[in-house]
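The next block is query.csv, given as CSV, C-alpha atoms and all ligand atoms.
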```csv
chain,number,residue,atom,x,y,z
A,1,MET,CA,131.7,-142.6,-12.8
A,2,THR,CA,130.4,-140.2,-10.1
A,3,ASP,CA,132.1,-136.9,-9.6
A,4,ILE,CA,133.5,-136.7,-6.0
A,5,ARG,CA,132.5,-133.0,-6.1
A,6,ASP,CA,128.9,-134.0,-6.5
A,7,ASP,CA,129.3,-136.6,-3.7
A,8,VAL,CA,130.8,-134.0,-1.3
A,9,ALA,CA,128.1,-131.4,-2.1
A,10,ALA,CA,125.4,-134.0,-1.5
A,11,GLY,CA,127.2,-135.2,1.7
A,12,PHE,CA,127.3,-131.7,3.0
A,13,GLU,CA,123.6,-131.0,2.2
A,14,ASP,CA,122.5,-134.3,3.8
A,15,LEU,CA,124.3,-133.5,7.0
A,16,PHE,CA,123.9,-129.8,7.4
A,17,GLY,CA,120.6,-129.3,5.6
A,18,ARG,CA,121.6,-126.6,3.1
A,19,PRO,CA,123.9,-126.4,0.1
A,20,PRO,CA,127.6,-125.5,0.7
A,21,THR,CA,128.9,-122.0,-0.1
A,22,GLY,CA,131.6,-123.5,-2.3
A,23,ILE,CA,133.9,-126.5,-3.0
A,24,TRP,CA,137.6,-126.5,-2.8
A,25,SER,CA,140.2,-129.3,-3.3
A,26,ALA,CA,143.8,-130.2,-2.8
A,27,PRO,CA,145.9,-133.1,-4.1
A,28,GLY,CA,148.1,-135.7,-2.5
A,29,ARG,CA,151.7,-135.7,-3.5
A,30,VAL,CA,154.5,-137.9,-4.5
A,31,ASN,CA,158.1,-136.9,-3.8
A,32,LEU,CA,160.2,-137.6,-6.9
A,33,ILE,CA,163.4,-137.0,-4.9
A,34,GLY,CA,164.7,-135.1,-1.9
A,35,GLU,CA,163.8,-137.1,1.2
A,36,HIS,CA,164.3,-135.9,4.8
A,37,THR,CA,165.9,-132.8,3.4
A,38,ASP,CA,163.0,-130.3,4.0
A,39,TYR,CA,163.5,-130.0,7.8
A,40,ASN,CA,167.2,-129.6,7.1
A,41,GLU,CA,166.5,-126.5,5.0
A,42,GLY,CA,167.5,-128.4,1.9
A,43,PHE,CA,165.9,-129.1,-1.5
A,44,VAL,CA,162.9,-131.2,-2.5
A,45,LEU,CA,161.3,-132.1,-5.8
A,46,PRO,CA,157.7,-133.3,-5.2
A,47,PHE,CA,154.7,-133.2,-7.4
A,48,ALA,CA,151.0,-133.0,-6.8
A,49,ILE,CA,149.1,-136.1,-8.0
A,50,ASN,CA,145.7,-136.7,-9.6
A,51,ARG,CA,144.2,-137.9,-6.3
A,52,ARG,CA,142.4,-135.2,-4.3
A,53,THR,CA,140.8,-134.3,-1.1
A,54,VAL,CA,137.6,-132.3,-1.6
A,55,VAL,CA,136.1,-129.9,0.9
A,56,ALA,CA,132.5,-128.5,0.9
A,57,LEU,CA,132.2,-125.5,3.2
A,58,GLY,CA,129.3,-123.4,4.3
A,59,LEU,CA,129.2,-120.3,6.4
A,60,ARG,CA,127.3,-120.2,9.7
A,61,ASP,CA,125.8,-117.2,11.5
A,62,ASP,CA,127.5,-118.0,14.8
A,63,ALA,CA,131.1,-118.7,15.8
A,64,THR,CA,131.1,-122.5,15.8
A,65,ILE,CA,133.3,-124.6,13.5
A,66,ARG,CA,131.9,-128.1,12.7
A,67,VAL,CA,133.8,-130.7,10.6
A,68,ALA,CA,132.6,-134.1,9.3
A,69,SER,CA,133.8,-136.5,6.6
A,70,ALA,CA,132.9,-139.6,4.7
A,71,PHE,CA,135.7,-141.4,6.4
A,72,ALA,CA,134.7,-140.8,10.1
A,73,ASP,CA,131.4,-141.3,11.9
A,74,GLN,CA,131.7,-138.4,14.2
A,75,LEU,CA,130.9,-134.8,13.7
A,76,SER,CA,133.3,-132.5,15.6
A,77,SER,CA,132.1,-129.2,16.8
A,78,ILE,CA,133.9,-126.4,18.7
A,79,GLU,CA,133.7,-122.7,19.2
A,80,LEU,CA,136.4,-121.0,17.1
A,81,THR,CA,137.8,-119.1,20.1
A,82,ASP,CA,138.1,-122.5,22.0
A,83,LEU,CA,140.5,-124.0,19.4
A,84,ALA,CA,143.7,-125.0,21.0
A,85,PRO,CA,146.3,-127.6,20.1
A,86,ASP,CA,145.7,-129.8,23.2
A,87,ARG,CA,141.9,-129.9,22.7
A,88,LEU,CA,142.0,-131.6,19.3
A,89,ASP,CA,142.9,-135.3,19.1
A,90,ASP,CA,141.1,-137.3,16.4
A,91,TRP,CA,141.2,-136.9,12.6
A,92,SER,CA,139.5,-133.6,13.0
A,93,ALA,CA,142.9,-132.3,14.3
A,94,TYR,CA,143.8,-131.8,10.7
A,95,PRO,CA,141.0,-129.4,9.6
A,96,LEU,CA,140.4,-127.9,13.0
A,97,GLY,CA,144.2,-127.5,13.4
A,98,VAL,CA,144.3,-125.5,10.3
A,99,ALA,CA,141.6,-123.1,11.6
A,100,TRP,CA,143.7,-122.7,14.8
A,101,ALA,CA,146.9,-122.2,12.8
A,102,LEU,CA,145.2,-119.5,10.7
A,103,GLY,CA,144.6,-117.8,14.0
A,104,GLN,CA,148.4,-117.9,14.6
A,105,HIS,CA,148.9,-116.3,11.2
A,106,GLY,CA,146.7,-113.3,11.7
A,107,ALA,CA,143.1,-114.5,11.4
A,108,ASP,CA,141.0,-113.0,14.2
A,109,LEU,CA,139.1,-116.1,15.4
A,110,ALA,CA,136.9,-113.9,17.6
A,111,ALA,CA,135.6,-112.0,14.5
A,112,VAL,CA,135.4,-114.4,11.6
A,113,PRO,CA,132.2,-116.3,10.9
A,114,GLY,CA,131.7,-120.0,11.9
A,115,VAL,CA,131.7,-122.6,9.3
A,116,ASP,CA,130.5,-126.2,8.5
A,117,ILE,CA,132.9,-128.4,6.6
A,118,TYR,CA,132.4,-131.7,4.9
A,119,ILE,CA,135.4,-133.7,3.5
A,120,GLU,CA,135.9,-136.6,1.1
A,121,SER,CA,139.1,-137.9,-0.4
A,122,THR,CA,140.6,-140.1,-3.1
A,123,VAL,CA,144.1,-139.8,-1.6
A,124,PRO,CA,144.9,-143.2,0.0
A,125,VAL,CA,145.5,-142.8,3.8
A,126,GLY,CA,148.8,-144.1,5.2
A,127,ALA,CA,150.4,-144.7,1.8
A,128,GLY,CA,153.0,-141.9,2.2
A,129,LEU,CA,151.1,-139.8,-0.4
A,130,SER,CA,150.3,-137.0,2.1
A,131,SER,CA,146.6,-137.4,2.6
A,132,SER,CA,147.0,-135.2,5.7
A,133,ALA,CA,148.6,-132.3,3.8
A,134,ALA,CA,145.8,-132.6,1.2
A,135,ILE,CA,143.2,-132.1,3.9
A,136,GLU,CA,145.2,-129.2,5.5
A,137,SER,CA,145.7,-127.5,2.1
A,138,ALA,CA,142.1,-127.8,0.9
A,139,VAL,CA,140.8,-126.5,4.3
A,140,ALA,CA,143.5,-123.7,4.3
A,141,ILE,CA,142.5,-122.3,0.9
A,142,ALA,CA,138.8,-122.6,1.7
A,143,LEU,CA,139.1,-120.7,5.0
A,144,ASP,CA,141.5,-118.2,3.6
A,145,GLU,CA,138.9,-117.3,1.0
A,146,VAL,CA,135.7,-117.2,3.1
A,147,TRP,CA,137.5,-115.4,5.9
A,148,GLN,CA,139.0,-113.0,3.4
A,149,LEU,CA,142.5,-113.4,4.8
A,150,GLY,CA,144.5,-112.9,1.6
A,151,LEU,CA,147.4,-115.2,2.6
A,152,ASP,CA,149.7,-116.3,-0.1
A,153,ARG,CA,150.4,-120.0,-0.9
A,154,PRO,CA,153.8,-120.3,0.8
A,155,THR,CA,152.1,-118.9,4.0
A,156,LEU,CA,149.2,-121.3,3.7
A,157,ALA,CA,151.8,-124.1,3.4
A,158,LYS,CA,153.3,-122.9,6.7
A,159,VAL,CA,149.8,-122.9,8.2
A,160,GLY,CA,149.3,-126.5,7.3
A,161,GLN,CA,152.7,-127.4,8.7
A,162,LEU,CA,152.0,-125.6,11.9
A,163,ALA,CA,148.8,-127.6,12.3
A,164,GLU,CA,150.7,-130.8,11.6
A,165,ASN,CA,153.5,-129.9,14.1
A,166,LYS,CA,151.6,-128.5,17.0
A,167,VAL,CA,148.1,-130.0,16.7
A,168,VAL,CA,148.7,-133.4,15.2
A,169,GLY,CA,152.1,-133.6,16.8
A,170,ALA,CA,154.2,-134.8,13.9
A,171,PRO,CA,157.5,-132.9,13.6
A,172,THR,CA,157.3,-132.8,9.7
A,173,GLY,CA,158.7,-130.3,7.3
A,174,ILE,CA,157.2,-128.0,4.7
A,175,MET,CA,157.4,-130.2,1.6
A,176,ASP,CA,153.9,-131.9,1.6
A,177,GLN,CA,151.9,-128.8,2.0
A,178,SER,CA,154.0,-126.9,-0.6
A,179,ALA,CA,153.4,-129.6,-3.2
A,180,ALA,CA,149.7,-129.6,-2.5
A,181,LEU,CA,149.5,-125.9,-2.8
A,182,LEU,CA,152.0,-125.1,-5.6
A,183,GLY,CA,151.7,-128.1,-7.9
A,184,ARG,CA,150.9,-127.8,-11.6
A,185,ASP,CA,149.9,-130.3,-14.4
A,186,ASP,CA,153.0,-132.2,-15.7
A,187,HIS,CA,155.4,-130.2,-13.4
A,188,ALA,CA,157.3,-130.9,-10.2
A,189,VAL,CA,157.8,-128.3,-7.5
A,190,PHE,CA,161.5,-127.6,-7.0
A,191,LEU,CA,161.5,-126.0,-3.5
A,192,ASP,CA,164.3,-124.5,-1.6
A,193,CYS,CA,163.2,-125.2,2.0
A,194,ARG,CA,165.4,-122.4,3.4
A,195,SER,CA,164.2,-119.5,1.3
A,196,LEU,CA,160.8,-121.1,0.4
A,197,GLU,CA,161.4,-120.0,-3.2
A,198,SER,CA,160.1,-122.5,-5.7
A,199,GLN,CA,160.3,-123.2,-9.4
A,200,LEU,CA,158.1,-125.4,-11.5
A,201,VAL,CA,160.1,-128.1,-13.4
A,202,PRO,CA,158.5,-129.8,-16.5
A,203,LEU,CA,158.5,-133.6,-16.0
A,204,GLY,CA,157.5,-134.7,-19.5
A,205,PHE,CA,156.9,-138.3,-18.4
A,206,ALA,CA,154.1,-138.9,-21.1
A,207,GLU,CA,156.2,-137.5,-24.0
A,208,ALA,CA,159.0,-139.8,-23.0
A,209,GLY,CA,156.7,-142.8,-22.9
A,210,LEU,CA,157.0,-143.1,-19.1
A,211,GLU,CA,154.5,-143.7,-16.3
A,212,LEU,CA,155.0,-143.2,-12.6
A,213,LEU,CA,153.9,-146.3,-10.7
A,214,ILE,CA,153.0,-146.1,-7.0
A,215,ILE,CA,153.5,-149.3,-5.1
A,216,ASP,CA,151.7,-148.9,-1.8
A,217,THR,CA,153.1,-151.6,0.5
A,218,GLY,CA,150.3,-151.3,3.0
A,219,VAL,CA,152.9,-151.2,5.8
A,220,SER,CA,151.5,-148.4,8.0
A,221,HIS,CA,153.6,-145.7,9.5
A,222,SER,CA,153.1,-142.7,11.7
A,223,HIS,CA,155.4,-139.6,11.8
A,224,ALA,CA,153.9,-138.5,15.2
A,225,THR,CA,155.8,-141.3,16.9
A,226,GLY,CA,159.3,-143.0,16.7
A,227,GLY,CA,161.7,-143.1,13.8
A,228,TYR,CA,160.9,-139.8,12.0
A,229,ALA,CA,161.5,-137.7,15.1
A,230,GLU,CA,164.7,-139.7,15.9
A,231,ARG,CA,166.1,-139.0,12.4
A,232,ARG,CA,165.3,-135.4,12.8
A,233,ALA,CA,167.1,-135.3,16.1
A,234,SER,CA,170.2,-137.0,14.6
A,235,CYS,CA,170.3,-134.4,11.8
A,236,GLU,CA,170.2,-131.6,14.4
A,237,LYS,CA,172.9,-133.3,16.4
A,238,GLY,CA,175.0,-133.7,13.3
A,239,ALA,CA,174.6,-130.0,12.3
A,240,ALA,CA,175.5,-128.9,15.9
A,241,LEU,CA,178.6,-131.0,16.0
A,242,MET,CA,179.7,-129.8,12.5
A,243,GLY,CA,179.1,-126.2,13.7
A,244,VAL,CA,176.4,-125.3,11.1
A,245,ALA,CA,172.8,-124.0,11.6
A,246,SER,CA,171.4,-126.7,9.4
A,247,LEU,CA,172.7,-129.6,7.2
A,248,ARG,CA,171.9,-127.5,4.2
A,249,GLU,CA,175.1,-125.6,4.8
A,250,LEU,CA,177.2,-128.8,4.2
A,251,SER,CA,178.2,-130.1,0.8
A,252,VAL,CA,179.8,-133.4,-0.3
A,253,ASP,CA,183.2,-131.7,0.2
A,254,ASP,CA,182.5,-131.5,3.9
A,255,LEU,CA,181.9,-135.3,4.2
A,256,PRO,CA,185.6,-136.2,5.0
A,257,ARG,CA,185.5,-133.8,8.0
A,258,ALA,CA,182.1,-135.1,9.0
A,259,ARG,CA,183.5,-138.7,9.0
A,260,THR,CA,186.2,-137.7,11.5
A,261,THR,CA,184.0,-135.5,13.6
A,262,LEU,CA,180.9,-137.6,14.0
A,263,ASP,CA,180.0,-141.1,15.3
A,264,ASP,CA,179.3,-143.6,12.6
A,265,GLU,CA,175.5,-143.5,12.8
A,266,THR,CA,175.3,-139.7,12.9
A,267,PHE,CA,177.8,-139.5,10.0
A,268,ARG,CA,175.6,-141.8,7.9
A,269,ARG,CA,172.5,-139.7,8.7
A,270,VAL,CA,174.4,-136.6,7.6
A,271,ARG,CA,175.8,-138.2,4.5
A,272,HIS,CA,172.2,-139.1,3.4
A,273,VAL,CA,171.0,-135.6,3.7
A,274,VAL,CA,174.1,-134.0,2.1
A,275,THR,CA,174.1,-136.4,-0.9
A,276,GLU,CA,170.3,-136.3,-1.2
A,277,ASN,CA,170.4,-132.5,-1.6
A,278,GLN,CA,173.0,-132.9,-4.4
A,279,ARG,CA,170.8,-135.5,-6.0
A,280,VAL,CA,167.8,-133.1,-6.1
A,281,LEU,CA,170.0,-130.5,-7.8
A,282,ASP,CA,171.3,-133.1,-10.2
A,283,THR,CA,167.8,-134.4,-11.0
A,284,VAL,CA,166.5,-130.8,-11.7
A,285,ALA,CA,169.5,-130.3,-14.0
A,286,VAL,CA,169.0,-133.6,-15.9
A,287,LEU,CA,165.2,-133.1,-16.3
A,288,ARG,CA,165.9,-129.7,-17.8
A,289,SER,CA,168.8,-130.7,-20.1
A,290,VAL,CA,168.1,-134.3,-21.1
A,291,GLY,CA,164.7,-135.3,-19.7
A,292,PRO,CA,163.2,-138.0,-17.5
A,293,LEU,CA,164.7,-141.0,-19.2
A,294,ALA,CA,168.0,-140.0,-17.7
A,295,ILE,CA,167.1,-139.6,-14.0
A,296,GLY,CA,166.9,-143.3,-13.1
A,297,ASP,CA,170.3,-143.6,-11.5
A,298,LEU,CA,169.6,-140.7,-9.2
A,299,LEU,CA,166.3,-142.3,-8.0
A,300,ASP,CA,168.1,-145.6,-7.4
A,301,ALA,CA,170.9,-143.9,-5.5
A,302,SER,CA,168.4,-142.1,-3.4
A,303,HIS,CA,166.8,-145.4,-2.4
A,304,ALA,CA,170.2,-146.9,-1.5
A,305,SER,CA,171.0,-143.9,0.6
A,306,MET,CA,167.7,-144.2,2.5
A,307,ARG,CA,168.1,-147.9,3.0
A,308,ASP,CA,171.8,-147.9,4.1
A,309,ASP,CA,172.6,-144.5,5.5
A,310,PHE,CA,169.3,-143.1,6.8
A,311,GLU,CA,167.9,-146.6,7.6
A,312,ILE,CA,164.2,-145.7,7.0
A,313,SER,CA,163.3,-148.4,4.5
A,314,VAL,CA,161.5,-151.6,5.3
A,315,PRO,CA,161.8,-155.0,3.6
A,316,GLU,CA,158.6,-154.5,1.6
A,317,LEU,CA,159.8,-151.2,0.2
A,318,ASP,CA,163.2,-152.7,-0.7
A,319,LEU,CA,161.6,-155.6,-2.4
A,320,ALA,CA,159.2,-153.4,-4.4
A,321,VAL,CA,162.2,-151.2,-5.5
A,322,GLU,CA,164.5,-154.1,-6.4
A,323,THR,CA,161.8,-155.9,-8.3
A,324,ALA,CA,160.8,-152.8,-10.3
A,325,GLN,CA,164.5,-152.2,-11.0
A,326,GLY,CA,165.0,-155.8,-12.1
A,327,ASN,CA,162.0,-155.7,-14.4
A,328,GLY,CA,162.6,-152.7,-16.6
A,329,ALA,CA,162.0,-149.6,-14.4
A,330,ILE,CA,164.1,-146.6,-15.3
A,331,GLY,CA,164.5,-146.0,-11.6
A,332,ALA,CA,162.8,-146.7,-8.3
A,333,ARG,CA,162.8,-145.5,-4.7
A,334,MET,CA,160.8,-145.4,-1.6
A,335,THR,CA,158.9,-142.1,-1.3
A,336,GLY,CA,157.9,-140.0,1.8
A,337,GLY,CA,158.9,-140.3,5.4
A,338,GLY,CA,159.7,-144.0,5.3
A,339,PHE,CA,159.1,-146.9,7.8
A,340,GLY,CA,156.3,-148.1,5.5
A,341,GLY,CA,154.1,-146.4,2.9
A,342,ALA,CA,154.8,-146.4,-0.8
A,343,ALA,CA,157.6,-146.8,-3.3
A,344,ILE,CA,157.6,-145.2,-6.8
A,345,ALA,CA,158.9,-146.6,-10.0
A,346,LEU,CA,159.5,-144.7,-13.2
A,347,VAL,CA,158.4,-147.2,-15.8
A,348,PRO,CA,158.1,-147.3,-19.7
A,349,SER,CA,154.4,-147.3,-20.4
A,350,ALA,CA,154.5,-150.6,-22.2
A,351,GLY,CA,156.2,-152.3,-19.2
A,352,VAL,CA,153.8,-151.2,-16.4
A,353,SER,CA,151.8,-154.5,-16.2
A,354,ARG,CA,154.9,-156.6,-16.4
A,355,ILE,CA,156.4,-154.8,-13.4
A,356,GLN,CA,153.1,-155.1,-11.5
A,357,VAL,CA,152.9,-158.9,-12.1
A,358,ALA,CA,156.6,-159.2,-11.1
A,359,ILE,CA,156.0,-157.2,-7.8
A,360,ASP,CA,152.8,-159.2,-7.0
A,361,GLY,CA,154.8,-162.4,-7.5
A,362,ALA,CA,157.8,-161.3,-5.4
A,363,PHE,CA,155.5,-160.2,-2.5
A,364,ALA,CA,153.7,-163.5,-2.6
A,365,GLU,CA,157.0,-165.4,-2.6
A,366,HIS,CA,158.1,-163.5,0.5
A,367,GLY,CA,154.8,-164.0,2.3
A,368,PHE,CA,154.1,-160.2,2.3
A,369,GLU,CA,150.6,-158.8,1.9
A,370,GLN,CA,149.7,-157.9,-1.7
A,371,PRO,CA,150.6,-154.3,-2.4
A,372,THR,CA,148.3,-151.8,-4.0
A,373,MET,CA,149.6,-150.4,-7.3
A,374,PHE,CA,148.4,-147.6,-9.5
A,375,THR,CA,149.9,-144.9,-11.8
A,376,VAL,CA,149.6,-141.2,-11.1
A,377,THR,CA,150.1,-138.1,-13.1
A,378,ALA,CA,151.4,-134.7,-12.0
A,379,SER,CA,148.4,-132.5,-11.4
A,380,SER,CA,147.4,-129.0,-10.4
A,381,GLY,CA,147.6,-127.8,-6.8
A,382,ALA,CA,144.8,-126.7,-4.4
A,383,ALA,CA,142.0,-124.8,-6.1
A,384,ARG,CA,138.4,-123.7,-5.7
A,385,ASN,CA,136.3,-126.0,-7.9
A,386,ARG,CA,132.8,-124.5,-7.5
B,401,LIG,C1,157.1,-136.7,5.5
B,401,LIG,C2,157.0,-135.3,6.0
B,401,LIG,C3,157.8,-134.3,5.1
B,401,LIG,C4,159.2,-134.9,4.7
B,401,LIG,C5,159.1,-136.3,4.3
B,401,LIG,C6,160.5,-136.9,4.1
B,401,LIG,O1,156.4,-136.8,4.3
B,401,LIG,O2,155.7,-134.9,6.1
B,401,LIG,O3,157.8,-133.1,5.6
B,401,LIG,O4,160.0,-134.7,5.8
B,401,LIG,O5,158.4,-137.1,5.3
B,401,LIG,O6,161.1,-136.4,3.0
```
Before we go any further, please render this structure as structure tokens.
Amino acid sequence: MTDIRDDVAAGFEDLFGRPPTGIWSAPGRVNLIGEHTDYNEGFVLPFAINRRTVVALGLRDDATIRVASAFADQLSSIELTDLAPDRLDDWSAYPLGVAWALGQHGADLAAVPGVDIYIESTVPVGAGLSSSAAIESAVAIALDEVWQLGLDRPTLAKVGQLAENKVVGAPTGIMDQSAALLGRDDHAVFLDCRSLESQLVPLGFAEAGLELLIIDTGVSHSHATGGYAERRASCEKGAALMGVASLRELSVDDLPRARTTLDDETFRRVRHVVTENQRVLDTVAVLRSVGPLAIGDLLDASHASMRDDFEISVPELDLAVETAQGNGAIGARMTGGGFGGAAIALVPSAGVSRIQVAIDGAFAEHGFEQPTMFTVTASSGAARNR
């Protein structure tokens, strides 16, 4: 098997005519639990996966930044001082947006050297596994190093989020970049999205004889349009009507008052966020005290809440989750922003192929496109590789 780091180094050299200065990479992520809680200042529990975006970078002796990748034909080129959110619109908005966002976090774009960047990735695009945060995080650590900025990882996560929010135009939270930057082998990142404090929580899937199966439905989604922003607006409305700065400040004890204060739809949006925050705390406690075999009910309850209260699931995700649950999974839920993308199932190792066959069969029966299924392991966060 070829090493993607060799491919990316060769791709860089073919295109730019010299070897790169270095190679950096960042992983995609799976969110184990804690969905649509990040922008409500709540809790999330994602982990970095063993699918990575790899960046080769070389310094230039002028002030131009150029980016290219194996997945796009075009080379994008711009002067560093010309970077501005409204000037970036294709996929290069992700890497170039990070360079701009570093400028907003103290990098002097009139003084740092220009760079050439070449990118390859094994993170599937559009599967809800944060391929975009993987690009942002790999580029962020690479530029932080070669521009000698010395920014810490939580700040680099904010840089990626700023690029996503202002340049790409998706009003997303801090979870994906935090997972990509803070992940560790066999651990989840338990992040408090208000304080940005994080703890690593051992997952222990392998010791418990479990595998984490991804079921990518192939239903595409975009968080720059539509439902994601609407859900975020509902949460803000719910918080305002309840008289709190964010939904993080509400607990399950506040739900009876929420029911009498809010319209039915806003109440259900709020109930999802409030109960989901509690499920994250419960999952962390159960992982630490009993282990992963006991978290299945929490995963299942999270899915039901997203399906019924937050209304961000789609029929393909529901079918994947129900079929996994009915064929021996410990627990299953959709993961990520919703409206498409992937579900996860926590599955006994011996039962993985049985569940895959059952899901393939169920999708065929419903006339849905065949999903793509693969297992992932919890892996290390962004790092320099060469
Ligand atoms: C997307 C966003 C994240 C988060 C999730 C939902 O992945 O990028 O910030 O809001 O949706 O939990």
Contacts to ligand LIG 401 (chain B) at 8 Å cut-off (only C-alpha atoms and all ligand atoms) as number ranges by chain:
A: 31, 34-39, 44, 128-130, 133, 170-176, 223, 228, 335-338
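Atom CA of Asp309 of chain A lies 5.8 Å from atom CA of His272 of chain A.
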Find the residues around Arg231 of chain A up to 10 Å (only C-alpha atoms counted), leave out those fewer than 5 positions away in its own chain, and share them as a CSV table (one decimal) with C-alpha atoms, in the coordinates of the input.
```csv
chain,number,residue,atom,x,y,z
A,36,HIS,CA,164.3,-135.9,4.8
A,226,GLY,CA,159.3,-143.0,16.7
A,236,GLU,CA,170.2,-131.6,14.4
A,237,LYS,CA,172.9,-133.3,16.4
A,266,THR,CA,175.3,-139.7,12.9
A,269,ARG,CA,172.5,-139.7,8.7
A,270,VAL,CA,174.4,-136.6,7.6
A,310,PHE,CA,169.3,-143.1,6.8
A,311,GLU,CA,167.9,-146.6,7.6
A,312,ILE,CA,164.2,-145.7,7.0
```
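Considering the residues A:Arg384, A:Glu164, A:Asp152, A:Ala180 and counting only C-alpha atoms, Thr21 of chain A has its shortest atom-to-atom contact with A:Arg384.
With only C-alpha atoms as the atoms that count, the minimum distance from Glu276 of chain A to the choices A:Asp82, A:Ser92, A:Leu32, A:Leu346 is reached by A:Leu32.
Residues in contact with Cys193 of chain A at up to 6 Å, not including ones fewer than 4 positions away on its chain and judged by all atoms listed in the file, are Asp38, Glu41, Gly42 and Phe43 of chain A.
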C-alpha atoms of the current selection, written as an mmCIF file, in the coordinates of the input:
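Saved file again.cif follows:
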```
data_model
loop_
_atom_site.group_PDB
_atom_site.id
_atom_site.type_symbol
_atom_site.label_atom_id
_atom_site.label_comp_id
_atom_site.auth_asym_id
_atom_site.auth_seq_id
_atom_site.Cartn_x
_atom_site.Cartn_y
_atom_site.Cartn_z
ATOM 1 C CA ASP A 38 163.000 -130.300 4.000
ATOM 2 C CA GLU A 41 166.500 -126.500 5.000
ATOM 3 C CA GLY A 42 167.500 -128.400 1.900
ATOM 4 C CA PHE A 43 165.900 -129.100 -1.500
#
```
Within 9 Å of (131.2, -129.1, 11.6), all atoms listed in the file: residues as a VMD selection string?
chain A and resid 16 64 to 68 75 to 78 115 to 118
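Distances here use only C-alpha atoms; by that measure, the residue among A:Val273, A:Thr377, A:Asn327, A:His105 closest to Pro348 of chain A is A:Asn327.
Among the candidates A:His221, A:Arg354, A:His187, A:Arg259, the one nearest to Phe205 of chain A when counting all atoms listed in the file is A:His187.
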